[in-house]
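Novice: Could you have a look at this structure, given as structure tokens, before my questions?
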Amino acid sequence: MENWLACRVGKGQMGAEYMIEGQTFDGLKFTLFAPTEFVEVSQNPTGWDLVPGRILVSRLGEENGYFWIRLPRESFEMGYVVRVGSSQLTPTTQLQEA
Amino acid sequence: MLLSNREMHQALDEGRLKITPEPLPRTAQGSQKSPYDSHTVNLLLHDSIAIPIGGKYVCDPSDAGNQADFQRRNSKQITITEDQPYLLDRNVFILATTREEISLPIPDVGDRCLGARVEGRSSLARLGLLVHFTAPTIHPGFNGRITFELINLGPAPILLRVGMAIAQLIVEEVRGIPFWTPSQFHGQSAPEGVIRKK
């Protein structure tokens with residue numbers, strides 16, 4: 001099931017990608033570069049600033065009230081799969097309606 | 001098991017492999033060569049290049065949460081065009097991508113899926129061009145452009161032109177469907193563990 005994961009978004013290293021900074025359920029940071037089509041931003045990031053945004057992820061399963069999700073690209077710090085809190089996720093359908 | 005060109009075509013027709021735009025023609029047409037060889041298909045160079053900037057800094061892979069930010073801040077982004085190719089000097093390292101988007105969907109049912117590897121081309125290798133080092137694997141479930149780590153180890157600068165056939169894709173069958181069992185990561189933030197600051 002696809003969900004949006006809240007994150008912070010910055011300019012990427014190459015064209016057609018963004019830099020993503022996300023957090024696990026326990027507050028650890030992870031970073032990755034993701035194609036722009038997987039990301040929505042409130043405003044286009046300029047310079048080195050990060051802006052609020054969300055990234056499309058696959059929800060894999062639930063454990064103790066937290067969710068394992070698969071990122072669309074491998075994060076530098078934690079690989080593809082990380083565990084996040086339910087409040088960080090939004091169903092894609094709900095966002096499209098918003 | 002590696003897929004032959006014939007099996008790659010079948011996988012494309014069945015949607016098990018997606019390459020956009022699709023490399024054509026599938027077979028040679030008169031003087032027009034096919035990008036397919038016996039079990040490979042050529043991939044083309046896209047127009048976006050990132051050039052890491054040298055400086056008085058140290059790369060620290062254990063600097064948790066800052067890896068992507070570090071990389072983007074220490075690189076310059078350029079776009080090449082047909083009129084303005086990029087001259088890759090000797091011993092210079094850059095990043096680039098394929099023009100094609102590759103998709104290796106993991107099916108909901110069945111017991112097989114596809115993975116892939118990207119490799120260099122022998123003609124360019126003879127000039128000293130590496131298109132990747134240590135990172136050729138494209139995992140099942142991947143969807144997007146493949147990033148090259150290009151370096152010129154040859155004796156002379158190499159002209160990189162947008163749309164040139166720069167690498168080849170090898171597609172292989174993965175037996176079984178990979179899964180991500182949450183229980184196996186019990187108590188961790190991530191299955192591979194995390195880099196923590198000391």
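If you're wondering about the labels, chains in the structure tokens are A, B, ... by order shown, residues count from 1 in each chain, ligands from 1 in order shown.
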Find the residues around range 12-15 of chain B up to 12 Å (only C-alpha atoms counted), leave out those fewer than 5 positions away in its own chain, and share them as a PyMOL selection string.
Specialist: chain B and resi 3+5-7+20-23+26+102-107+113-114+171
Novice: Grab the residues selected above and save them as a CSV table (one decimal), in the first residue's frame with C-alpha atoms.
Specialist:
```
chain,number,residue,atom,x,y,z
B,3,LEU,CA,17.8,-13.2,-19.9
B,5,ASN,CA,17.5,-10.6,-25.9
B,6,ARG,CA,14.5,-12.7,-26.9
B,7,GLU,CA,13.5,-13.2,-23.2
B,20,THR,CA,11.1,4.0,-21.0
B,21,PRO,CA,11.7,5.0,-23.8
B,22,GLU,CA,12.0,1.5,-25.0
B,23,PRO,CA,15.3,0.8,-26.9
B,26,ARG,CA,14.5,-4.8,-31.3
B,102,ILE,CA,14.0,1.2,-15.8
B,103,SER,CA,11.3,-0.5,-13.8
B,104,LEU,CA,11.6,-4.0,-12.3
B,105,PRO,CA,8.2,-4.5,-10.7
B,106,ILE,CA,7.8,-7.2,-8.0
B,107,PRO,CA,4.7,-9.2,-8.8
B,113,CYS,CA,10.9,-11.5,-10.5
B,114,LEU,CA,13.6,-9.6,-12.3
B,171,VAL,CA,18.6,-8.5,-16.8
```
Novice: Please produce, as a tab-separated table, a per-residue contact table for range 61-118 of chain B versus range 40-56 of chain A (criterion: any atom at most 10 Å away, only C-alpha atoms considered), showing the nearest atom pair and its distance in Å to one decimal, sorted by chain then residue number.
Specialist:
```
residue	atom	partner	partner_atom	distance
B:Asp69	CA	A:Trp48	CA	8.4
B:Arg72	CA	A:Trp48	CA	8.8
B:Arg73	CA	A:Trp48	CA	7.6
```
Novice: May I ask which of the residues B:Asp37, B:Glu119, B:Asp47, B:Asp83 is the closest one to chain A, counting only C-alpha atoms?
Specialist: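 Among the listed residues, the smallest separation from chain A belongs to B:Asp47.
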Novice: Could you pull the residues within 7 Å of Asn91 in chain B, counting only C-alpha atoms, minus those fewer than 4 positions along the same chain, as a list of chain:residue names?
Specialist: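 Counting only the stated atoms, we get B:Ile151, B:Asn152, B:Leu153.
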Novice: Up to 7 Å from chain B, what residues of chain A turn up? Count only C-alpha atoms and give them as a list in words.
Specialist: Gly12, Gln13, Met14, Gly15, Met19, Thr24, Lys29, Phe30, Thr31, Leu32, Phe33, Gly61, Trp68, Phe76, Glu77, Met78, Gly79, Val81, Val82 and Arg83 of chain A
Novice: Those residues with C-alpha atoms, as an mmCIF file, in the first residue's frame please?
Specialist:
```
data_model
loop_
_atom_site.group_PDB
_atom_site.id
_atom_site.type_symbol
_atom_site.label_atom_id
_atom_site.label_comp_id
_atom_site.auth_asym_id
_atom_site.auth_seq_id
_atom_site.Cartn_x
_atom_site.Cartn_y
_atom_site.Cartn_z
ATOM 1 C CA GLY A 12 19.095 17.416 -5.397
ATOM 2 C CA GLN A 13 22.571 16.656 -6.593
ATOM 3 C CA MET A 14 21.404 16.090 -10.171
ATOM 4 C CA GLY A 15 18.488 17.168 -12.322
ATOM 5 C CA MET A 19 17.269 15.582 -1.567
ATOM 6 C CA THR A 24 12.417 7.261 11.849
ATOM 7 C CA LYS A 29 17.600 11.123 10.531
ATOM 8 C CA PHE A 30 18.034 9.471 7.156
ATOM 9 C CA THR A 31 18.761 11.106 3.803
ATOM 10 C CA LEU A 32 18.425 10.105 0.198
ATOM 11 C CA PHE A 33 18.044 11.425 -3.308
ATOM 12 C CA GLY A 61 3.712 -3.848 7.718
ATOM 13 C CA TRP A 68 7.792 -0.461 8.252
ATOM 14 C CA PHE A 76 22.482 6.610 2.784
ATOM 15 C CA GLU A 77 22.105 5.828 6.445
ATOM 16 C CA MET A 78 19.556 2.997 6.690
ATOM 17 C CA GLY A 79 18.952 1.343 3.339
ATOM 18 C CA VAL A 81 13.373 -0.011 4.708
ATOM 19 C CA VAL A 82 12.817 2.108 7.808
ATOM 20 C CA ARG A 83 10.282 2.218 10.620
#
```
Novice: For the atom pair CA of Glu172 in chain B and CA of Phe148 in chain B, what is the interatomic distance in Å to one decimal place?
Specialist: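 The value is 19.5 Å.
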Novice: Residues of range 5-192 of chain B in strand (DSSP E or B) according to DSSP, as a PyMOL selection string?
Specialist: chain B and resi 18-20+29+32+36+41-52+75-79+86-88+93-103+112-120+129-130+137-138+143-152+158-160+165-175
Novice: Do you know which residues are at most 12 Å from Leu2 in chain B counting only C-alpha atoms, after dropping those on the same chain fewer than 6 positions away, and could you put them as a list in words?
Specialist: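 Contacts, with the query itself left out: Met8, Ser38, His39, Thr40, Leu114, Gly115, Ala116, Arg117, Leu169, Ile170, Val171, Glu172, Glu173, Val174 and Arg175 of chain B.
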Novice: So which residues of range 56-137 of chain B fall under alpha helix (DSSP H) by DSSP, listed as a list in words?
Specialist: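 Answer for range 56-137 of chain B, restricted to alpha helix (DSSP H): Gln67, Ala68, Asp69, Phe70, Gln71, Arg72, Arg73, Ser122, Ser123, Leu124 and Ala125 of chain B.
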Novice: So the first atom is CA of Ser123 in chain B and the second is CA of Thr98 in chain B; what is the distance between them in Å, to one decimal place?
Specialist: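 Atom-to-atom, CA of Ser123 in chain B and CA of Thr98 in chain B are spaced 17.8 Å apart.
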Novice: Could you tell me how far CA of Leu159 in chain B lies from CA of Leu87 in chain B, in Å and to one decimal?
Specialist: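 Result for CA of Leu159 in chain B versus CA of Leu87 in chain B: 4.6 Å, one decimal.
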